[in-house]
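*Asks:* Got a file for you: query11.cif, mmCIF, C-alpha atoms.
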```cif
data_upload
loop_
_atom_site.label_atom_id
_atom_site.label_comp_id
_atom_site.auth_asym_id
_atom_site.auth_seq_id
_atom_site.Cartn_x
_atom_site.Cartn_y
_atom_site.Cartn_z
CA MET A 1 0.75 76.42 40.53
CA LYS A 2 4.47 76.44 39.73
CA LEU A 3 6.28 79.79 39.76
CA GLY A 4 8.74 79.98 36.88
CA ALA A 5 12.06 81.80 36.88
CA ARG A 6 10.69 84.62 34.73
CA ILE A 7 7.86 85.33 37.19
CA LEU A 8 10.32 85.53 40.07
CA LYS A 9 12.72 87.68 38.06
CA THR A 10 9.92 90.10 37.16
CA GLY A 11 8.99 90.52 40.82
CA ILE A 12 12.63 91.06 41.83
CA ALA A 13 13.17 93.55 38.96
CA ILE A 14 10.12 95.60 39.98
CA THR A 15 11.29 95.65 43.60
CA LEU A 16 14.82 96.70 42.62
CA ALA A 17 13.54 99.39 40.23
CA LEU A 18 11.25 100.90 42.88
CA PHE A 19 14.01 100.69 45.50
CA LEU A 20 16.51 102.51 43.24
CA ALA A 21 13.96 105.16 42.27
CA THR A 22 13.19 105.76 45.95
CA ALA A 23 16.90 105.85 46.83
CA PHE A 24 17.47 108.55 44.18
CA GLN A 25 14.37 110.35 45.50
CA LEU A 26 12.75 110.33 42.07
CA PRO A 27 9.08 111.29 41.84
CA SER A 28 6.69 108.90 40.06
CA ALA A 29 8.79 105.84 40.94
CA ALA A 30 6.01 103.67 39.50
CA PHE A 31 7.33 104.39 35.99
CA ALA A 32 10.58 102.60 36.92
CA GLY A 33 8.59 99.54 38.00
CA ILE A 34 6.50 99.57 34.81
CA SER A 35 9.54 99.79 32.52
CA ALA A 36 11.23 96.96 34.43
CA ILE A 37 8.30 94.68 33.58
CA PHE A 38 8.80 95.14 29.83
CA ALA A 39 12.60 94.79 30.00
CA ILE A 40 12.75 91.29 31.55
CA GLN A 41 14.15 88.79 29.04
CA PRO A 42 14.55 84.98 29.12
CA THR A 43 18.32 84.96 28.39
CA ILE A 44 21.29 87.09 29.41
CA TYR A 45 22.31 87.67 25.79
CA ARG A 46 18.81 88.76 24.80
CA SER A 47 18.80 91.04 27.84
CA TYR A 48 22.00 92.67 26.58
CA LEU A 49 20.42 93.27 23.17
CA SER A 50 17.22 94.45 24.85
CA ILE A 51 18.86 97.16 26.96
CA ILE A 52 20.44 98.70 23.83
CA GLU A 53 17.10 98.65 22.01
CA GLN A 54 15.23 99.96 25.07
CA ILE A 55 17.60 102.92 25.44
CA GLN A 56 17.21 103.67 21.74
CA ALA A 57 13.42 103.48 21.98
CA ASN A 58 13.36 105.67 25.09
CA VAL A 59 15.52 108.32 23.43
CA ILE A 60 13.16 108.36 20.44
CA GLY A 61 10.06 108.47 22.63
CA ALA A 62 11.48 111.13 24.96
CA GLY A 63 12.79 113.29 22.10
CA LEU A 64 9.47 113.30 20.26
CA ALA A 65 7.47 113.77 23.48
CA ILE A 66 9.55 116.77 24.59
CA GLY A 67 9.45 118.29 21.08
CA PHE A 68 5.68 117.88 20.67
CA GLY A 69 5.11 118.97 24.26
CA LEU A 70 7.02 122.23 23.79
CA ILE A 71 5.36 123.02 20.45
CA PHE A 72 1.79 121.77 20.86
CA GLY A 73 1.35 121.15 24.60
CA SER A 74 0.10 117.98 26.30
CA HIS A 75 -3.42 117.66 24.91
CA PRO A 76 -4.69 114.02 24.70
CA ILE A 77 -4.83 114.30 20.90
CA ILE A 78 -1.14 115.32 20.86
CA ILE A 79 -0.26 112.37 23.10
CA GLY A 80 -2.10 109.98 20.76
CA LEU A 81 -0.45 111.49 17.65
CA THR A 82 3.00 111.25 19.26
CA ALA A 83 2.33 107.64 20.17
CA ILE A 84 1.42 106.82 16.55
CA ILE A 85 4.64 108.41 15.28
CA VAL A 86 6.75 106.58 17.89
CA ILE A 87 5.15 103.24 16.94
CA ALA A 88 5.78 103.92 13.24
CA ILE A 89 9.46 104.77 13.85
CA ASN A 90 10.01 101.65 15.97
CA LEU A 91 8.35 99.49 13.33
CA LYS A 92 10.59 101.05 10.69
CA LEU A 93 13.64 100.24 12.84
CA LYS A 94 12.29 96.68 13.34
CA ALA A 95 12.22 97.18 17.11
CA GLU A 96 8.63 96.06 17.79
CA ASN A 97 9.52 94.70 21.24
CA THR A 98 10.51 98.15 22.50
CA ILE A 99 7.22 99.86 21.58
CA PRO A 100 5.56 99.39 25.03
CA VAL A 101 8.44 101.07 26.91
CA ALA A 102 8.66 103.88 24.34
CA LEU A 103 4.93 104.56 24.76
CA VAL A 104 5.29 104.60 28.55
CA THR A 105 8.00 107.24 28.08
CA VAL A 106 5.76 109.33 25.80
CA ILE A 107 2.81 109.26 28.22
CA ALA A 108 5.00 109.84 31.27
CA ILE A 109 6.62 112.94 29.73
CA LEU A 110 3.58 114.51 28.06
CA GLU A 111 1.55 114.00 31.21
CA SER A 112 4.13 116.15 33.07
CA PRO A 113 3.11 119.52 34.62
CA GLY A 114 3.53 122.51 32.34
CA ASP A 115 5.67 124.87 34.47
CA ASP A 116 8.75 122.64 34.88
CA PHE A 117 8.12 120.58 31.76
CA ILE A 118 11.72 120.08 30.65
CA GLU A 119 13.01 119.23 34.12
CA VAL A 120 10.18 116.80 34.90
CA ALA A 121 10.49 115.23 31.43
CA PHE A 122 14.18 114.42 31.95
CA ILE A 123 13.53 113.10 35.46
CA ARG A 124 10.84 110.75 34.19
CA PHE A 125 13.00 109.72 31.26
CA PHE A 126 15.78 108.82 33.71
CA THR A 127 13.26 107.01 35.96
CA ILE A 128 12.15 104.78 33.08
CA LEU A 129 15.76 104.05 32.12
CA LEU A 130 16.40 103.12 35.74
CA GLY A 131 13.71 100.45 35.48
CA VAL A 132 15.31 99.07 32.31
CA LEU A 133 18.70 99.00 34.06
CA ALA A 134 17.19 97.21 37.08
CA ALA A 135 15.73 94.51 34.80
CA PHE A 136 19.12 94.07 33.12
CA ILE A 137 20.85 93.64 36.49
CA VAL A 138 18.28 91.03 37.54
CA ASN A 139 18.70 89.16 34.23
CA LEU A 140 22.46 89.22 34.72
CA VAL A 141 22.67 88.25 38.39
CA PHE A 142 19.53 86.54 39.64
CA ILE A 143 18.38 83.01 38.74
CA PRO A 144 20.45 82.40 35.60
CA PRO A 145 18.35 80.06 33.41
CA LYS A 146 19.60 76.47 33.10
CA TYR A 147 18.49 76.01 29.51
CA GLU A 148 20.62 72.91 28.97
CA THR A 149 18.72 71.09 31.71
CA LYS A 150 15.34 72.53 30.68
CA LEU A 151 15.89 71.63 27.04
CA TYR A 152 16.89 68.02 27.77
CA MET A 153 14.02 67.56 30.25
CA ARG A 154 11.48 68.99 27.79
CA ILE A 155 12.79 66.81 24.94
CA THR A 156 12.58 63.77 27.23
CA GLU A 157 9.02 64.60 28.37
CA ASN A 158 7.77 65.16 24.82
CA THR A 159 9.47 62.00 23.56
CA GLU A 160 8.07 59.87 26.39
CA ASP A 161 4.54 61.14 25.72
CA ILE A 162 4.81 60.41 21.99
CA ILE A 163 6.31 56.95 22.56
CA LYS A 164 3.58 56.14 25.10
CA TRP A 165 0.83 56.97 22.58
CA ILE A 166 2.53 55.07 19.76
CA ARG A 167 2.62 51.94 21.92
CA ILE A 168 -1.01 52.37 22.97
CA ASN A 169 -2.10 52.92 19.37
CA LEU A 170 -0.19 49.88 18.10
CA ARG A 171 -2.11 47.71 20.61
CA GLN A 172 -5.41 49.20 19.40
CA ALA A 173 -6.08 50.55 22.89
CA SER A 174 -6.46 54.25 22.11
CA GLU A 175 -9.70 56.22 21.71
CA HIS A 176 -9.66 57.98 18.34
CA ASN A 177 -10.90 61.38 19.57
CA VAL A 178 -8.76 61.34 22.72
CA LEU A 179 -5.61 60.65 20.71
CA LYS A 180 -6.60 63.34 18.22
CA ASP A 181 -6.69 65.92 21.03
CA GLU A 182 -3.38 64.62 22.43
CA ILE A 183 -1.68 65.01 19.04
CA VAL A 184 -2.76 68.67 18.93
CA LYS A 185 -1.23 69.19 22.40
CA LEU A 186 1.96 67.40 21.35
CA LYS A 187 2.29 69.69 18.33
CA GLU A 188 2.02 72.71 20.62
CA HIS A 189 4.63 71.22 22.96
CA MET A 190 7.03 70.78 20.03
CA ILE A 191 6.57 74.44 19.03
CA LYS A 192 7.46 75.49 22.59
CA LEU A 193 10.43 73.12 22.47
CA ASP A 194 11.74 74.91 19.37
CA GLN A 195 11.54 78.23 21.24
CA LEU A 196 13.42 76.74 24.19
CA TYR A 197 16.11 75.52 21.80
CA LEU A 198 16.47 79.07 20.43
CA ASN A 199 16.84 80.40 23.99
CA TYR A 200 19.58 77.84 24.65
CA LYS A 201 21.25 78.74 21.36
CA GLU A 202 21.27 82.44 22.32
CA GLU A 203 23.17 81.81 25.55
CA ARG A 204 26.69 83.10 25.11
CA ASN A 205 29.88 81.46 26.40
CA TYR A 206 32.84 83.56 27.43
CA PHE A 207 35.56 80.97 26.76
CA LYS A 208 36.49 79.46 23.40
CA ARG A 209 36.66 75.96 24.88
CA GLU A 210 33.07 76.24 26.11
CA SER A 211 31.92 77.63 22.76
CA TYR A 212 33.21 74.56 20.88
CA ALA A 213 31.51 72.21 23.34
CA LYS A 214 28.30 74.27 23.08
CA SER A 215 28.38 74.00 19.27
CA ARG A 216 28.58 70.21 19.48
CA LYS A 217 25.68 70.14 21.95
CA LEU A 218 23.59 72.37 19.70
CA VAL A 219 23.98 69.84 16.88
CA LEU A 220 22.95 67.03 19.23
CA PHE A 221 19.94 68.82 20.69
CA ARG A 222 18.79 69.83 17.22
CA GLN A 223 18.94 66.20 16.11
CA MET A 224 17.06 65.11 19.23
CA ILE A 225 14.25 67.52 18.34
CA VAL A 226 14.24 66.38 14.70
CA THR A 227 14.03 62.74 15.80
CA THR A 228 11.19 63.49 18.23
CA ASN A 229 9.35 65.29 15.43
CA ARG A 230 9.73 62.17 13.26
CA ALA A 231 8.27 60.09 16.09
CA LEU A 232 5.33 62.51 16.26
CA GLU A 233 4.89 62.26 12.49
CA THR A 234 4.79 58.47 12.82
CA LEU A 235 2.15 58.76 15.54
CA LYS A 236 0.04 61.05 13.34
CA LYS A 237 0.20 58.56 10.48
CA LEU A 238 -0.68 55.65 12.78
CA HIS A 239 -3.67 57.59 14.10
CA ARG A 240 -4.93 58.65 10.68
CA LEU A 241 -4.51 55.20 9.13
CA GLU A 242 -5.47 53.03 12.10
CA ASN A 243 -8.52 51.53 10.37
CA GLU A 244 -6.52 50.58 7.27
CA LEU A 245 -3.72 49.22 9.44
CA HIS A 246 -6.06 46.96 11.42
CA GLN A 247 -7.32 45.46 8.15
CA MET A 248 -3.79 44.43 7.13
CA PRO A 249 -2.65 40.78 7.35
CA GLU A 250 -1.61 39.65 10.81
CA ASN A 251 1.94 38.94 9.64
CA PHE A 252 2.43 42.53 8.48
CA GLN A 253 0.98 43.92 11.74
CA LYS A 254 3.36 41.76 13.80
CA VAL A 255 6.39 42.91 11.82
CA LEU A 256 5.30 46.54 12.03
CA ILE A 257 4.78 46.36 15.80
CA SER A 258 8.06 44.52 16.32
CA GLU A 259 10.12 47.00 14.28
CA LEU A 260 8.45 50.06 15.80
CA ASP A 261 8.88 48.67 19.32
CA TYR A 262 12.57 48.33 18.63
CA LEU A 263 12.82 51.93 17.37
CA LEU A 264 11.00 53.21 20.46
CA TYR A 265 13.37 51.26 22.71
CA VAL A 266 16.42 52.71 20.89
CA HIS A 267 14.99 56.22 21.16
CA GLU A 268 14.51 55.91 24.92
CA GLU A 269 17.95 54.39 25.37
CA SER A 270 19.63 57.14 23.30
CA LEU A 271 18.31 59.89 25.57
CA LEU A 272 19.58 58.02 28.64
CA ARG A 273 22.99 57.38 27.04
CA PHE A 274 23.36 61.09 26.34
CA ILE A 275 23.43 61.90 30.05
CA GLY A 276 25.58 58.88 30.93
CA LYS A 277 22.93 56.64 32.51
CA ILE A 278 23.61 53.85 29.98
CA LYS A 279 26.95 52.55 28.71
CA THR A 280 28.41 54.23 25.65
CA GLN A 281 28.94 52.11 22.58
CA PRO A 282 31.70 52.75 20.04
CA PRO A 283 30.75 54.83 16.94
CA SER A 284 31.36 51.78 14.74
CA VAL A 285 28.26 50.03 16.17
CA PRO A 286 25.24 52.11 15.13
CA MET A 287 21.75 51.18 16.32
CA ARG A 288 22.97 48.20 18.42
CA GLU A 289 23.44 44.64 17.25
CA ASN A 290 19.74 43.93 16.54
CA LYS A 291 19.39 46.82 14.13
CA PHE A 292 16.11 47.97 12.63
CA ASN A 293 15.17 45.59 9.80
CA LYS A 294 14.10 48.01 7.11
CA GLN A 295 14.27 45.31 4.45
CA GLN A 296 11.95 42.92 6.29
CA LEU A 297 9.32 45.62 6.84
CA THR A 298 9.46 46.67 3.19
CA GLU A 299 9.32 43.11 1.85
CA VAL A 300 6.28 42.20 3.96
CA PHE A 301 4.56 45.38 2.82
CA VAL A 302 5.33 44.76 -0.87
CA GLU A 303 4.15 41.16 -0.50
CA PHE A 304 0.78 42.48 0.63
CA TYR A 305 0.64 44.67 -2.50
CA LYS A 306 1.01 41.61 -4.73
CA ASP A 307 -1.86 39.75 -3.10
CA GLN A 308 -4.36 42.49 -2.21
CA ASP A 309 -6.11 45.56 -3.57
CA SER A 310 -3.55 48.26 -4.36
CA SER A 311 -5.64 51.15 -2.97
CA CYS A 312 -4.95 50.16 0.64
CA PHE A 313 -1.27 49.76 -0.24
CA TYR A 314 -1.02 53.38 -1.37
CA HIS A 315 -2.87 54.58 1.73
CA LEU A 316 -0.34 52.88 4.00
CA LEU A 317 2.73 53.85 1.98
CA PRO A 318 3.18 57.20 3.87
CA LEU A 319 3.14 55.29 7.18
CA VAL A 320 5.92 52.93 6.11
CA SER A 321 7.85 55.88 4.73
CA ALA A 322 7.46 57.80 8.02
CA ILE A 323 8.73 54.79 10.01
CA ILE A 324 11.80 54.42 7.79
CA ASP A 325 12.49 58.16 8.03
CA TYR A 326 12.16 57.93 11.81
CA SER A 327 14.67 55.05 11.89
CA GLU A 328 17.19 56.99 9.78
CA GLN A 329 16.98 60.09 12.00
CA LEU A 330 17.30 57.88 15.07
CA GLU A 331 20.35 56.16 13.63
CA HIS A 332 21.93 59.55 12.95
CA LEU A 333 21.19 60.63 16.54
CA ASP A 334 22.70 57.41 17.85
CA THR A 335 25.89 58.02 15.84
CA LEU A 336 26.15 61.63 17.03
CA ILE A 337 25.80 60.61 20.70
CA SER A 338 28.45 57.89 20.34
CA SER A 339 30.81 60.32 18.66
CA PHE A 340 30.08 63.03 21.23
CA GLN A 341 30.92 60.72 24.12
CA SER A 342 33.99 59.17 22.45
CA PHE A 343 35.84 62.38 21.52
CA HIS A 344 36.62 65.62 23.43
CA LYS A 345 35.46 63.90 26.62
CA GLU A 346 36.74 66.65 28.92
CA ASP A 347 34.96 69.41 26.99
CA ASN A 348 31.71 67.56 26.34
CA GLU A 349 30.39 67.69 29.88
CA VAL A 350 26.60 67.52 29.91
CA LYS A 351 25.21 69.82 32.62
CA ILE A 352 21.92 68.14 33.39
CA THR A 353 20.63 68.53 36.94
CA GLU A 354 17.54 66.88 38.37
CA GLU A 355 14.69 69.38 38.86
#
```
As structure tokens, please, write out the structure in this file.
*Replies:*
Amino acid sequence: MKLGARILKTGIAITLALFLATAFQLPSAAFAGISAIFAIQPTIYRSYLSIIEQIQANVIGAGLAIGFGLIFGSHPIIIGLTAIIVIAINLKLKAENTIPVALVTVIAILESPGDDFIEVAFIRFFTILLGVLAAFIVNLVFIPPKYETKLYMRITENTEDIIKWIRINLRQASEHNVLKDEIVKLKEHMIKLDQLYLNYKEERNYFKRESYAKSRKLVLFRQMIVTTNRALETLKKLHRLENELHQMPENFQKVLISELDYLLYVHEESLLRFIGKIKTQPPSVPMRENKFNKQQLTEVFVEFYKDQDSSCFYHLLPLVSAIIDYSEQLEHLDTLISSFQSFHKEDNEVKITEE
């Protein structure tokens, strides 16, 4: 089992929160540890936004808890009613993520002894805020996430898996049900990849020079994801239409395999060129010298339409369309990488480290 950065950060945040609560000699230090769990965020910028929202939620929860506690006491029904109101207010403020910490505050305060209610309430409120602060410090200092590396590695892994299955399917070597399950997994991986891209996008740069370089990288990474999605769409079409495809004339199958093999090769090469493992070509030479022959693929396909039953032609039309779309997105990616590596060379440093 691999321990991720967030797991380690959560453990460190809990330890720091409990240590600070003990150092300040605060009773019920466990509340600091609990609040630290909810305040851990995947990015520094999101952590900054989170601490503002958490303080706001805690003030709302503490204010209502103290008010209801003074007026109605700390009966379980009162605690439940206060919790409902706190949830409603946070939903109204569109701060759903802060509800757990706000509820911890409500329970911690209303569960306080009756004699020193106000004093204990403020101490517990401060204890919970201490946990939030500890989580923010950990997010800021410990194990800063390398989203640029993670994003590139995840894109590469997903792309390699998709390309592998396209090649296997083209050679009629895949089991239908096995590939069906793999496509479902690949879809899930692409959803996670989109979330990772958003995390990378949220990372803030403190210098204008870095911000410009980051903007160019965002465009590139977005295009990489779009291109990988087009490859996945091509795989889905190949899988769904494999019976129809195998009934096509041998000449068409050879052309299709040849053109797709070339696209897969270009896709793999583009990802390696991005990190400098393959020579950069000038922007004026898109898709290499032996470029994808869209015309040949289309002509062979149309020739089949003239000689055969048109129903199979219409079934396979989405596949040909998906391949052409894939080639166009790949060509755009290739142009972006060439441009990225030809201009602003000093700023466009790609920070990819081997994991």
*Asks:* For each of A:Ser321, A:Asn229, A:Ser74, A:Ser342, take the minimum atom-to-atom distance to Ala121 in chain A, counting all atoms listed in the file, then give the residue where this is smallest.
*Replies:*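 Checking each candidate against Ala121 in chain A, we get A:Ser74 as the closest.
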*Asks:* Taking all atoms listed in the file into account, name the residue in A:Leu170, A:Leu110, A:Ala95, A:Ile162 that is nearest to Phe72 in chain A.
*Replies:*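 Looking at the shortest contact to Phe72 in chain A, the residue is A:Leu110.
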*Asks:* Neighbourhood query: residues within 6 Å of (5.6, 58.6, 11.5), file coordinates, counting all atoms listed in the file; return as a ChimeraX atom specification.
*Replies:* /A:230-231,233-235,237,319,322-323
*Asks:* Store the residues of this selection in a file with C-alpha atoms, as a PDB file, keeping the file's coordinate frame.
*Replies:*
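So the final result, stored in selection_20.pdb, reads:
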```
ATOM      1  CA  ARG A 230       9.730  62.170  13.260  1.00  0.00           C
ATOM      2  CA  ALA A 231       8.270  60.090  16.090  1.00  0.00           C
ATOM      3  CA  GLU A 233       4.890  62.260  12.490  1.00  0.00           C
ATOM      4  CA  THR A 234       4.790  58.470  12.820  1.00  0.00           C
ATOM      5  CA  LEU A 235       2.150  58.760  15.540  1.00  0.00           C
ATOM      6  CA  LYS A 237       0.200  58.560  10.480  1.00  0.00           C
ATOM      7  CA  LEU A 319       3.140  55.290   7.180  1.00  0.00           C
ATOM      8  CA  ALA A 322       7.460  57.800   8.020  1.00  0.00           C
ATOM      9  CA  ILE A 323       8.730  54.790  10.010  1.00  0.00           C
TER      10      ILE A 323
END
```
*Asks:* Please evaluate the PyMOL selection byres ((chain A and resi 30-47) around 9) against the displayed coordinates and give the resulting residues as a VMD selection string.
*Replies:* chain A and resid 5 to 6 9 to 11 13 to 18 20 to 21 27 to 29 48 to 52 54 97 to 98 100 to 101 104 to 105 108 124 126 to 136 138 to 140 144 to 145 199 to 200 202 to 204
*Asks:* Choose the residue, out of A:Val226, A:Val300, A:Val86, A:Ile123, that has the smallest atom-to-atom separation from Ser327 in chain A; count all atoms listed in the file.
*Replies:*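 Looking at the shortest contact to Ser327 in chain A, the residue is A:Val226.
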*Asks:* Looking at all atoms listed in the file, which of A:Phe125, A:Lys92, A:Tyr212, A:Val266 is the one that sits closest to Ile278 in chain A?
*Replies:*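 Once distances to Ile278 in chain A are computed over all atoms listed in the file, the minimum belongs to A:Val266.
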*Asks:* As an exercise, work out the distance from CA of Asn293 in chain A to CA of Ser258 in chain A in Å and give it to one decimal place.
*Replies:*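 Straight-line distance from CA of Asn293 in chain A to CA of Ser258 in chain A works out to 9.7 Å.
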*Asks:* Just give me the gap between CA of Gln296 in chain A and CA of Phe252 in chain A in Å, one decimal is fine.
*Replies:*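 So the two atoms, CA of Gln296 in chain A and CA of Phe252 in chain A, lie 9.8 Å apart.
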*Asks:* What is the CA of Leu198 in chain A to CA of Glu157 in chain A distance in Å?
*Replies:*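 A separation of 18.1 Å between them.
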*Asks:* For this structure, which residues satisfy the selection - the PyMOL selection byres ((chain A and resi 61) around 8) - when it is evaluated on the file as given? I want them as a tab-separated table (two decimals) with C-alpha atoms, keeping the file's coordinate frame.
*Replies:*
```tsv
chain	number	residue	atom	x	y	z
A	57	ALA	CA	13.42	103.48	21.98
A	58	ASN	CA	13.36	105.67	25.09
A	59	VAL	CA	15.52	108.32	23.43
A	60	ILE	CA	13.16	108.36	20.44
A	62	ALA	CA	11.48	111.13	24.96
A	63	GLY	CA	12.79	113.29	22.10
A	64	LEU	CA	9.47	113.30	20.26
A	65	ALA	CA	7.47	113.77	23.48
A	86	VAL	CA	6.75	106.58	17.89
A	102	ALA	CA	8.66	103.88	24.34
A	103	LEU	CA	4.93	104.56	24.76
A	105	THR	CA	8.00	107.24	28.08
A	106	VAL	CA	5.76	109.33	25.80
```
*Asks:* Go through A:Arg240, A:Lys146, A:His332, A:Lys214 and flag the residue nearest His267 in chain A, using all atoms listed in the file for the distances.
*Replies:*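 Among A:Arg240, A:Lys146, A:His332, A:Lys214, it is A:His332 that comes nearest to His267 in chain A.
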*Asks:* Determine, counting all atoms listed in the file, which protein, DNA and RNA residues have an atom within 10 Å of an atom of Leu263 in chain A; residues of the same chain fewer than 6 positions away are not included. Present the result as a list in words.
*Replies:*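 Answer for this query is Ile163, Ala231, Ile257, Glu269, Met287, Lys291, Phe292, Ile323, Ile324, Tyr326, Ser327, Leu330 and Glu331 of chain A.
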*Asks:* Of the residues A:Met248, A:Lys254, A:Leu26, A:Leu272, which is the one nearest to Glu119 in chain A, using only C-alpha atoms?
*Replies:*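 Of the candidates, the smallest distance to Glu119 in chain A is held by A:Leu26.
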*Asks:* Residues picked by the PyMOL selection byres ((chain A and resi 336) around 10) here, as a tab-separated table (two decimals) with C-alpha atoms, in the coordinates of the input?
*Replies:*
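Output contents, as saved in part09.tsv:
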```tsv
chain	number	residue	atom	x	y	z
A	216	ARG	CA	28.58	70.21	19.48
A	217	LYS	CA	25.68	70.14	21.95
A	219	VAL	CA	23.98	69.84	16.88
A	220	LEU	CA	22.95	67.03	19.23
A	223	GLN	CA	18.94	66.20	16.11
A	224	MET	CA	17.06	65.11	19.23
A	274	PHE	CA	23.36	61.09	26.34
A	283	PRO	CA	30.75	54.83	16.94
A	286	PRO	CA	25.24	52.11	15.13
A	330	LEU	CA	17.30	57.88	15.07
A	331	GLU	CA	20.35	56.16	13.63
A	332	HIS	CA	21.93	59.55	12.95
A	333	LEU	CA	21.19	60.63	16.54
A	334	ASP	CA	22.70	57.41	17.85
A	335	THR	CA	25.89	58.02	15.84
A	337	ILE	CA	25.80	60.61	20.70
A	338	SER	CA	28.45	57.89	20.34
A	339	SER	CA	30.81	60.32	18.66
A	340	PHE	CA	30.08	63.03	21.23
A	341	GLN	CA	30.92	60.72	24.12
A	342	SER	CA	33.99	59.17	22.45
```
